[in-house]
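my_file-v2.txt (compact mmCIF, C-alpha atoms) appears below.
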```
# COMPACT_ATOMS: atom_id res chain seq x y z
CA MET A 16 -142.30 -28.29 -167.23
CA THR A 17 -145.56 -29.97 -168.18
CA SER A 18 -148.35 -28.16 -169.97
CA SER A 19 -151.55 -27.29 -168.12
CA ALA A 20 -153.64 -27.83 -171.27
CA PRO A 21 -155.71 -31.01 -171.32
CA PHE A 22 -154.03 -33.88 -173.13
CA ARG A 23 -155.30 -34.57 -176.62
CA PRO A 24 -154.04 -37.63 -178.52
CA SER A 25 -152.36 -36.71 -181.81
CA ALA A 26 -152.14 -39.94 -183.84
CA ASP A 27 -155.32 -39.47 -185.92
CA GLU A 28 -154.42 -35.88 -186.80
CA LEU A 29 -150.86 -36.92 -187.68
CA LEU A 30 -152.15 -39.73 -189.92
CA ALA A 31 -154.28 -37.19 -191.79
CA HIS A 32 -151.18 -35.00 -192.25
CA ASN A 33 -149.26 -38.06 -193.45
CA SER A 34 -151.89 -38.80 -196.06
CA ILE A 35 -151.45 -35.28 -197.49
CA PHE A 36 -147.66 -35.62 -197.28
CA ALA A 37 -147.71 -38.99 -199.08
CA GLY A 38 -149.89 -37.52 -201.85
CA ARG A 39 -147.14 -34.97 -202.59
CA PHE A 40 -144.19 -37.24 -201.76
CA SER A 41 -141.36 -37.02 -204.28
CA GLU A 42 -138.31 -37.96 -202.21
CA GLY A 43 -138.57 -41.73 -202.50
CA HIS A 44 -135.76 -44.04 -203.53
CA CYS A 45 -133.08 -42.48 -201.29
CA ASP A 46 -130.25 -44.87 -200.60
CA VAL A 47 -130.06 -46.20 -197.04
CA VAL A 48 -126.41 -45.01 -196.94
CA PRO A 49 -126.28 -41.33 -195.93
CA THR A 50 -124.85 -39.33 -198.85
CA ARG A 51 -122.77 -37.08 -196.56
CA GLY A 52 -121.29 -39.97 -194.57
CA LEU A 53 -122.58 -38.12 -191.49
CA ALA A 54 -124.20 -39.19 -188.22
CA ILE A 55 -125.63 -36.58 -185.85
CA VAL A 56 -126.30 -37.29 -182.18
CA THR A 57 -128.65 -34.81 -180.60
CA CYS A 58 -131.30 -34.23 -177.99
CA MET A 59 -134.93 -35.22 -178.47
CA ASP A 60 -135.99 -31.62 -177.70
CA SER A 61 -138.97 -30.73 -179.89
CA ARG A 62 -137.61 -27.22 -180.54
CA MET A 63 -134.78 -28.62 -182.66
CA ASP A 64 -135.58 -29.38 -186.30
CA ILE A 65 -132.19 -30.84 -187.20
CA PHE A 66 -132.78 -30.98 -190.95
CA LYS A 67 -133.96 -27.38 -191.11
CA MET A 68 -131.32 -26.16 -188.62
CA LEU A 69 -128.45 -27.57 -190.69
CA GLY A 70 -129.93 -27.29 -194.18
CA LEU A 71 -129.96 -31.07 -194.62
CA LYS A 72 -132.13 -33.08 -196.97
CA ASN A 73 -133.54 -36.57 -196.49
CA GLY A 74 -130.91 -39.20 -197.16
CA GLU A 75 -127.92 -37.05 -196.19
CA ALA A 76 -127.35 -38.02 -192.53
CA HIS A 77 -128.35 -40.37 -189.76
CA ILE A 78 -130.01 -38.54 -186.87
CA ILE A 79 -129.77 -40.27 -183.48
CA ARG A 80 -131.83 -38.64 -180.73
CA ASN A 81 -132.35 -39.20 -177.04
CA ALA A 82 -132.86 -37.16 -173.88
CA GLY A 83 -129.89 -34.81 -173.72
CA GLY A 84 -128.11 -36.25 -176.77
CA VAL A 85 -126.24 -38.45 -174.30
CA ILE A 86 -123.64 -40.96 -175.52
CA THR A 87 -125.20 -44.11 -174.09
CA ASP A 88 -124.54 -47.75 -174.98
CA ASP A 89 -127.49 -47.60 -177.38
CA VAL A 90 -126.10 -44.50 -179.12
CA ILE A 91 -122.75 -46.25 -179.52
CA ARG A 92 -124.62 -49.29 -180.90
CA SER A 93 -126.35 -47.06 -183.46
CA LEU A 94 -123.14 -45.25 -184.39
CA CYS A 95 -121.31 -48.56 -184.72
CA LEU A 96 -123.94 -49.80 -187.17
CA SER A 97 -123.91 -46.43 -188.95
CA GLN A 98 -120.14 -46.54 -189.45
CA ARG A 99 -119.49 -50.24 -189.97
CA THR A 100 -122.38 -51.11 -192.28
CA LEU A 101 -123.66 -47.82 -193.68
CA GLY A 102 -120.46 -45.93 -194.34
CA THR A 103 -120.59 -42.88 -192.08
CA ARG A 104 -117.24 -41.36 -191.09
CA GLU A 105 -118.18 -38.04 -189.45
CA ILE A 106 -120.02 -37.53 -186.14
CA ILE A 107 -121.55 -34.26 -185.03
CA LEU A 108 -122.95 -33.84 -181.51
CA ILE A 109 -125.56 -31.17 -180.86
CA HIS A 110 -126.70 -30.45 -177.33
CA HIS A 111 -128.56 -27.27 -176.41
CA SER A 112 -129.06 -24.67 -173.74
CA ASP A 113 -132.23 -24.74 -171.63
CA CYS A 114 -132.28 -28.56 -171.73
CA GLY A 115 -134.73 -30.42 -169.53
CA LEU A 116 -131.87 -32.56 -168.18
CA GLN A 117 -130.34 -29.41 -166.68
CA LYS A 118 -133.38 -29.13 -164.42
CA VAL A 119 -133.77 -32.69 -163.14
CA ASN A 120 -132.36 -34.04 -159.89
CA GLU A 121 -131.47 -37.64 -160.77
CA ALA A 122 -131.65 -38.98 -157.22
CA LYS A 123 -135.12 -37.47 -156.65
CA PHE A 124 -136.32 -38.56 -160.11
CA LYS A 125 -135.29 -42.17 -159.46
CA ALA A 126 -136.64 -42.15 -155.90
CA ASP A 127 -140.00 -40.85 -157.14
CA ILE A 128 -140.22 -43.62 -159.74
CA GLU A 129 -139.19 -46.25 -157.20
CA SER A 130 -141.85 -44.98 -154.81
CA GLU A 131 -144.47 -45.16 -157.55
CA VAL A 132 -143.67 -48.48 -159.24
CA GLY A 133 -141.60 -50.37 -156.67
CA ILE A 134 -138.31 -50.57 -158.55
CA ARG A 135 -135.54 -48.03 -159.03
CA PRO A 136 -134.53 -47.40 -162.67
CA TRP A 137 -131.22 -49.11 -163.49
CA TRP A 138 -130.24 -46.61 -166.18
CA ALA A 139 -128.48 -43.31 -165.67
CA LEU A 140 -130.52 -40.21 -166.33
CA GLU A 141 -127.32 -38.29 -167.23
CA GLY A 142 -128.43 -34.88 -165.99
CA PHE A 143 -125.96 -32.00 -166.28
CA LYS A 144 -125.56 -28.32 -165.47
CA ASP A 145 -123.35 -27.05 -168.32
CA PRO A 146 -124.19 -28.14 -171.89
CA PHE A 147 -120.68 -27.21 -173.11
CA ALA A 148 -119.05 -29.46 -170.50
CA ASP A 149 -121.54 -32.21 -171.34
CA VAL A 150 -120.62 -32.04 -175.04
CA ARG A 151 -116.93 -32.34 -174.11
CA GLN A 152 -117.72 -35.41 -172.00
CA SER A 153 -119.75 -36.91 -174.85
CA ILE A 154 -116.90 -36.41 -177.31
CA GLN A 155 -114.51 -38.07 -174.85
CA ARG A 156 -116.87 -41.05 -174.60
CA LEU A 157 -116.77 -41.40 -178.37
CA TYR A 158 -112.97 -41.22 -178.42
CA MET A 159 -112.78 -43.88 -175.69
CA THR A 160 -115.07 -46.50 -177.21
CA PRO A 161 -113.23 -49.26 -179.07
CA PHE A 162 -116.24 -50.01 -181.28
CA LEU A 163 -116.10 -46.98 -183.60
CA PRO A 164 -113.45 -47.20 -186.31
CA HIS A 165 -113.80 -43.57 -187.45
CA LYS A 166 -113.17 -40.90 -184.82
CA GLU A 167 -111.07 -38.40 -186.77
CA TYR A 168 -114.07 -36.23 -187.69
CA VAL A 169 -115.94 -35.66 -184.43
CA ARG A 170 -117.17 -32.18 -183.50
CA GLY A 171 -119.60 -30.88 -180.90
CA PHE A 172 -121.93 -27.92 -180.67
CA VAL A 173 -124.43 -26.30 -178.33
CA TYR A 174 -127.61 -24.96 -179.91
CA ASP A 175 -129.36 -21.88 -178.54
CA PRO A 176 -133.13 -22.44 -178.97
CA ASP A 177 -133.78 -18.71 -178.51
CA THR A 178 -131.54 -17.53 -181.38
CA GLY A 179 -131.19 -20.62 -183.57
CA LEU A 180 -127.39 -20.37 -183.44
CA LEU A 181 -124.90 -23.18 -182.94
CA PHE A 182 -121.77 -22.64 -180.85
CA GLU A 183 -118.82 -24.96 -181.32
CA VAL A 184 -117.43 -26.59 -178.22
CA ALA A 185 -113.68 -26.37 -177.85
CA LEU A 186 -112.03 -29.49 -176.47
CA THR A 187 -109.73 -29.08 -173.51
CA HIS A 188 -107.86 -32.32 -174.32
CA ARG A 189 -108.16 -35.47 -176.37
```
structure tokens encoding of this file:
Amino acid sequence: MTSSAPFRPSADELLAHNSIFAGRFSEGHCDVVPTRGLAIVTCMDSRMDIFKMLGLKNGEAHIIRNAGGVITDDVIRSLCLSQRTLGTREIILIHHSDCGLQKVNEAKFKADIESEVGIRPWWALEGFKDPFADVRQSIQRLYMTPFLPHKEYVRGFVYDPDTGLLFEVALTHR
């Protein structure tokens, strides 16, 4: 899964791009409250440009990303803040096919880290085989948390990075 190309740090190049971006910047003064009242939880996968994929503009939605788009305590913390102080009411989950978490053996991953650094990670990696089943589980986690006041507009999707299409995940129960 890792590239065979030699590693080249990117920060200086990205700062140069930012300087050009800032020179043309015209989107300032957006309100901190998302105009669509929307929070999106998705994977950190670099193939997914959430704004472009959904036709969103800056200021319209909160985007919360992590490995696999997993509903962790930290994601619930972010959603709680998003809903309770910044007015979001809708949550969209977007997982995807060909996810790196589909290819990782959690026990081996943790054992390798423990062997290297002397301590086993205390957090769950949350690997999965079926992204549709994982979205259903994530939605259930949202429904079960007592900390989110707005759960009436929760939907989940699986993105296909080869076609660019989103497929809605049907819930088996709520």
Write out as a PyMOL selection string the residues lying within 10 Å of region 84-97 of chain A, counting only C-alpha atoms and excluding same-chain residues fewer than 5 positions away.
chain A and resi 48-49+52-60+76-79+102-104+106+108-111+138-142+149-150+152-157+160-165
How far is it from CA of Ala185 (chain A) to CA of Gly171 (chain A), in Å with one decimal?
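Taking CA of Ala185 (chain A) as the start and CA of Gly171 (chain A) as the end point, the length is 8.0 Å.
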Under the rule that all atoms listed in the file are counted, which of A:Asn120, A:Ile128, A:Asn73, A:Phe182 is the nearest residue to Gly43 (chain A)?
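Smallest separation from Gly43 (chain A) among the options: A:Asn73.
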As lines of an AutoDock Vina configuration file, please report the centre and edge lengths, rounded to one decimal in Å, of the axis-aligned box that holds all listed atoms of region 51-55 of chain A with 6 Å of padding on each of the six sides.
```
center_x = -123.5
center_y = -38.3
center_z = -191.2
size_x = 16.3
size_y = 15.4
size_z = 22.7
```
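Separating CA of Arg151 (chain A) from CA of Gly83 (chain A) is a distance of 13.2 Å.
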